[in-house]
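In what follows, a single structure is set out as structure tokens and then discussed.
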Amino acid sequence: MLKFYHAPWSRASGVHWLIEELDVAYEPVHIDIRAEGGVPEDYRRIQPNKKVPAIDHDGVIVTERAAITIYLADAFPQAGLAPAVGDPARAAYLTWTVYCDSVFDPCVAMRAQGHTGYGSNSFSFGLFDDMVANVERHLSQNAFAAGDRFTAADTQLASAIAFTMNVLHVLPERPAFKDYLSRIVERPAYLRAQAREQEEAMAMPFFQNQFASRQR
């Protein structure tokens, strides 16, 4: 059995989409990361920092988005979402899956928090502008993260671009990013995951209060 620990509209959203792409049975376990008082301490036995996402697959716990993505795509090969070992496309697939966690996300987080005056060697993930240029260059030359076909890496890269460009408004709008999203966002699995997250979020006090305050 696959248990999926997540919260709607969070860094777990890309993994939610991936699981929908796998078309396998799973049990969603909602972790309210926005609850007053925080996440219960007993969740640390699943995720030591009380973050989402995490999965429990037949008793095997996996945390960190890149690790979860690689694990799931390999565990369910019938979905065809991971280039096989030996396929040249696997290099780009692994690179971009990990890049989303190790470079894209921290660069965006630093920029969103106003931290802009650091040098490239100050942090392992480097500069925001270098990250943007790299992603733009790659997507100008490739239809998808791993080349010419959709893979599990795209669930992470597209989710990151969509949120940080269209919601957070930190990633600059570029034609390459918009074109890339247009090739992906009508996928049935993406739409299912988005609909379920919308429904879950609207049932949470945090988002109910947030949207109510906007309407006043």
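Chain lettering (A, B, ...) mirrors the order of the structure tokens, residue numbering begins at 1 for each chain separately, and ligand numbering begins at 1 in order of display.
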
Practice item. Using DSSP on the backbone coordinates, identify all residues within chain A classified as strand (DSSP E or B); present the result as a ChimeraX atom specification. Key: /A:2-6,27-30,54-57,60-63,144,147

Those residues with N, CA and C atoms, as a PDB file, in the first residue's frame please?
ATOM      1  N   LEU A   2       0.444   2.246  -0.690  1.00  0.00           N
ATOM      2  CA  LEU A   2       1.174   3.509  -0.765  1.00  0.00           C
ATOM      3  C   LEU A   2       0.435   4.572   0.037  1.00  0.00           C
ATOM      4  N   LYS A   3       1.084   5.082   1.086  1.00  0.00           N
ATOM      5  CA  LYS A   3       0.552   6.208   1.852  1.00  0.00           C
ATOM      6  C   LYS A   3       1.291   7.468   1.429  1.00  0.00           C
ATOM      7  N   PHE A   4       0.534   8.527   1.233  1.00  0.00           N
ATOM      8  CA  PHE A   4       1.097   9.799   0.771  1.00  0.00           C
ATOM      9  C   PHE A   4       0.798  10.876   1.803  1.00  0.00           C
ATOM     10  N   TYR A   5       1.828  11.342   2.481  1.00  0.00           N
ATOM     11  CA  TYR A   5       1.696  12.390   3.490  1.00  0.00           C
ATOM     12  C   TYR A   5       1.876  13.735   2.801  1.00  0.00           C
ATOM     13  N   HIS A   6       0.850  14.562   2.914  1.00  0.00           N
ATOM     14  CA  HIS A   6       0.895  15.802   2.134  1.00  0.00           C
ATOM     15  C   HIS A   6       0.025  16.883   2.769  1.00  0.00           C
ATOM     16  N   GLU A  27      -3.254   5.974  -0.382  1.00  0.00           N
ATOM     17  CA  GLU A  27      -3.994   6.537   0.742  1.00  0.00           C
ATOM     18  C   GLU A  27      -3.417   7.905   1.083  1.00  0.00           C
ATOM     19  N   PRO A  28      -4.152   8.977   0.810  1.00  0.00           N
ATOM     20  CA  PRO A  28      -3.642  10.303   1.188  1.00  0.00           C
ATOM     21  C   PRO A  28      -3.764  10.518   2.689  1.00  0.00           C
ATOM     22  N   VAL A  29      -2.717  11.032   3.294  1.00  0.00           N
ATOM     23  CA  VAL A  29      -2.714  11.353   4.716  1.00  0.00           C
ATOM     24  C   VAL A  29      -2.432  12.846   4.834  1.00  0.00           C
ATOM     25  N   HIS A  30      -3.450  13.594   5.213  1.00  0.00           N
ATOM     26  CA  HIS A  30      -3.323  15.049   5.264  1.00  0.00           C
ATOM     27  C   HIS A  30      -2.571  15.469   6.521  1.00  0.00           C
ATOM     28  N   ALA A  54       5.996  13.105   2.153  1.00  0.00           N
ATOM     29  CA  ALA A  54       6.658  11.863   2.524  1.00  0.00           C
ATOM     30  C   ALA A  54       5.766  10.733   2.040  1.00  0.00           C
ATOM     31  N   ILE A  55       6.342   9.577   1.831  1.00  0.00           N
ATOM     32  CA  ILE A  55       5.547   8.408   1.447  1.00  0.00           C
ATOM     33  C   ILE A  55       5.940   7.214   2.305  1.00  0.00           C
ATOM     34  N   ASP A  56       4.996   6.314   2.447  1.00  0.00           N
ATOM     35  CA  ASP A  56       5.230   5.018   3.076  1.00  0.00           C
ATOM     36  C   ASP A  56       4.731   3.979   2.084  1.00  0.00           C
ATOM     37  N   HIS A  57       5.667   3.275   1.466  1.00  0.00           N
ATOM     38  CA  HIS A  57       5.320   2.282   0.455  1.00  0.00           C
ATOM     39  C   HIS A  57       5.599   0.903   1.016  1.00  0.00           C
ATOM     40  N   VAL A  60       8.139   1.014   3.669  1.00  0.00           N
ATOM     41  CA  VAL A  60       9.373   1.733   3.329  1.00  0.00           C
ATOM     42  C   VAL A  60       9.056   3.225   3.265  1.00  0.00           C
ATOM     43  N   ILE A  61       9.674   3.997   4.133  1.00  0.00           N
ATOM     44  CA  ILE A  61       9.429   5.439   4.186  1.00  0.00           C
ATOM     45  C   ILE A  61      10.473   6.161   3.354  1.00  0.00           C
ATOM     46  N   VAL A  62       9.998   7.079   2.521  1.00  0.00           N
ATOM     47  CA  VAL A  62      10.891   7.905   1.705  1.00  0.00           C
ATOM     48  C   VAL A  62      10.499   9.364   1.908  1.00  0.00           C
ATOM     49  N   THR A  63      11.496  10.208   2.138  1.00  0.00           N
ATOM     50  CA  THR A  63      11.267  11.641   2.248  1.00  0.00           C
ATOM     51  C   THR A  63      12.118  12.361   1.199  1.00  0.00           C
ATOM     52  N   PHE A 144      10.647  18.933 -22.911  1.00  0.00           N
ATOM     53  CA  PHE A 144      10.412  18.510 -21.537  1.00  0.00           C
ATOM     54  C   PHE A 144      11.728  18.460 -20.777  1.00  0.00           C
ATOM     55  N   GLY A 147      14.074  15.870 -22.190  1.00  0.00           N
ATOM     56  CA  GLY A 147      14.220  15.830 -23.641  1.00  0.00           C
ATOM     57  C   GLY A 147      12.906  15.979 -24.369  1.00  0.00           C
TER      58      GLY A 147
END

Exercise for review: DSSP on the backbone, then: every residue of region 109-195 of chain A marked helix (DSSP H, G or I), written as number ranges by chain.
Suggested key: A: 109-112, 128-141, 152-167, 175-182, 188-195

Check your understanding: For Ala89 (chain A), which residue among A:Met131, A:Ala146, A:Val39, A:Ala73 is the nearest when counting only C-alpha atoms?
Key ->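 Selected residue with least distance to Ala89 (chain A): A:Ala146.
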
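Closest to Ala162 (chain A) among A:Phe150, A:Tyr71, A:Tyr43, A:Trp9 is A:Trp9, based on only C-alpha atoms.
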
Point to revise | Shortest interatomic distance to Glu197 (chain A) - which of A:Ala7, A:Val185, A:Ala67, A:Ala153, counting only C-alpha atoms | key: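 Between A:Ala7, A:Val185, A:Ala67, A:Ala153, the residue approaching Glu197 (chain A) most closely is A:Ala7.
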
Exercise for review: Just the residues within 10 Å of Pro188 (chain A), please, counting only C-alpha atoms, with nothing from its chain fewer than 6 positions along; format it as a PyMOL selection string.
Suggested key: chain A and resi 17+20-21+194

Using the selection just defined, write its residues with N, CA and C atoms as a compact mmCIF listing (two decimals), in the first residue's frame.
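File written: selection_16.txt
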# COMPACT_ATOMS: atom_id res chain seq x y z
N TRP A 17 0.74 15.19 -7.94
CA TRP A 17 0.55 15.06 -9.38
C TRP A 17 1.22 13.78 -9.89
N GLU A 20 -0.78 10.72 -9.16
CA GLU A 20 -1.92 10.62 -10.07
C GLU A 20 -1.48 10.12 -11.44
N GLU A 21 -0.31 10.53 -11.89
CA GLU A 21 0.21 10.05 -13.17
C GLU A 21 0.49 8.55 -13.13
N GLN A 194 -4.94 18.89 -9.08
CA GLN A 194 -5.29 20.27 -8.79
C GLN A 194 -6.69 20.37 -8.18
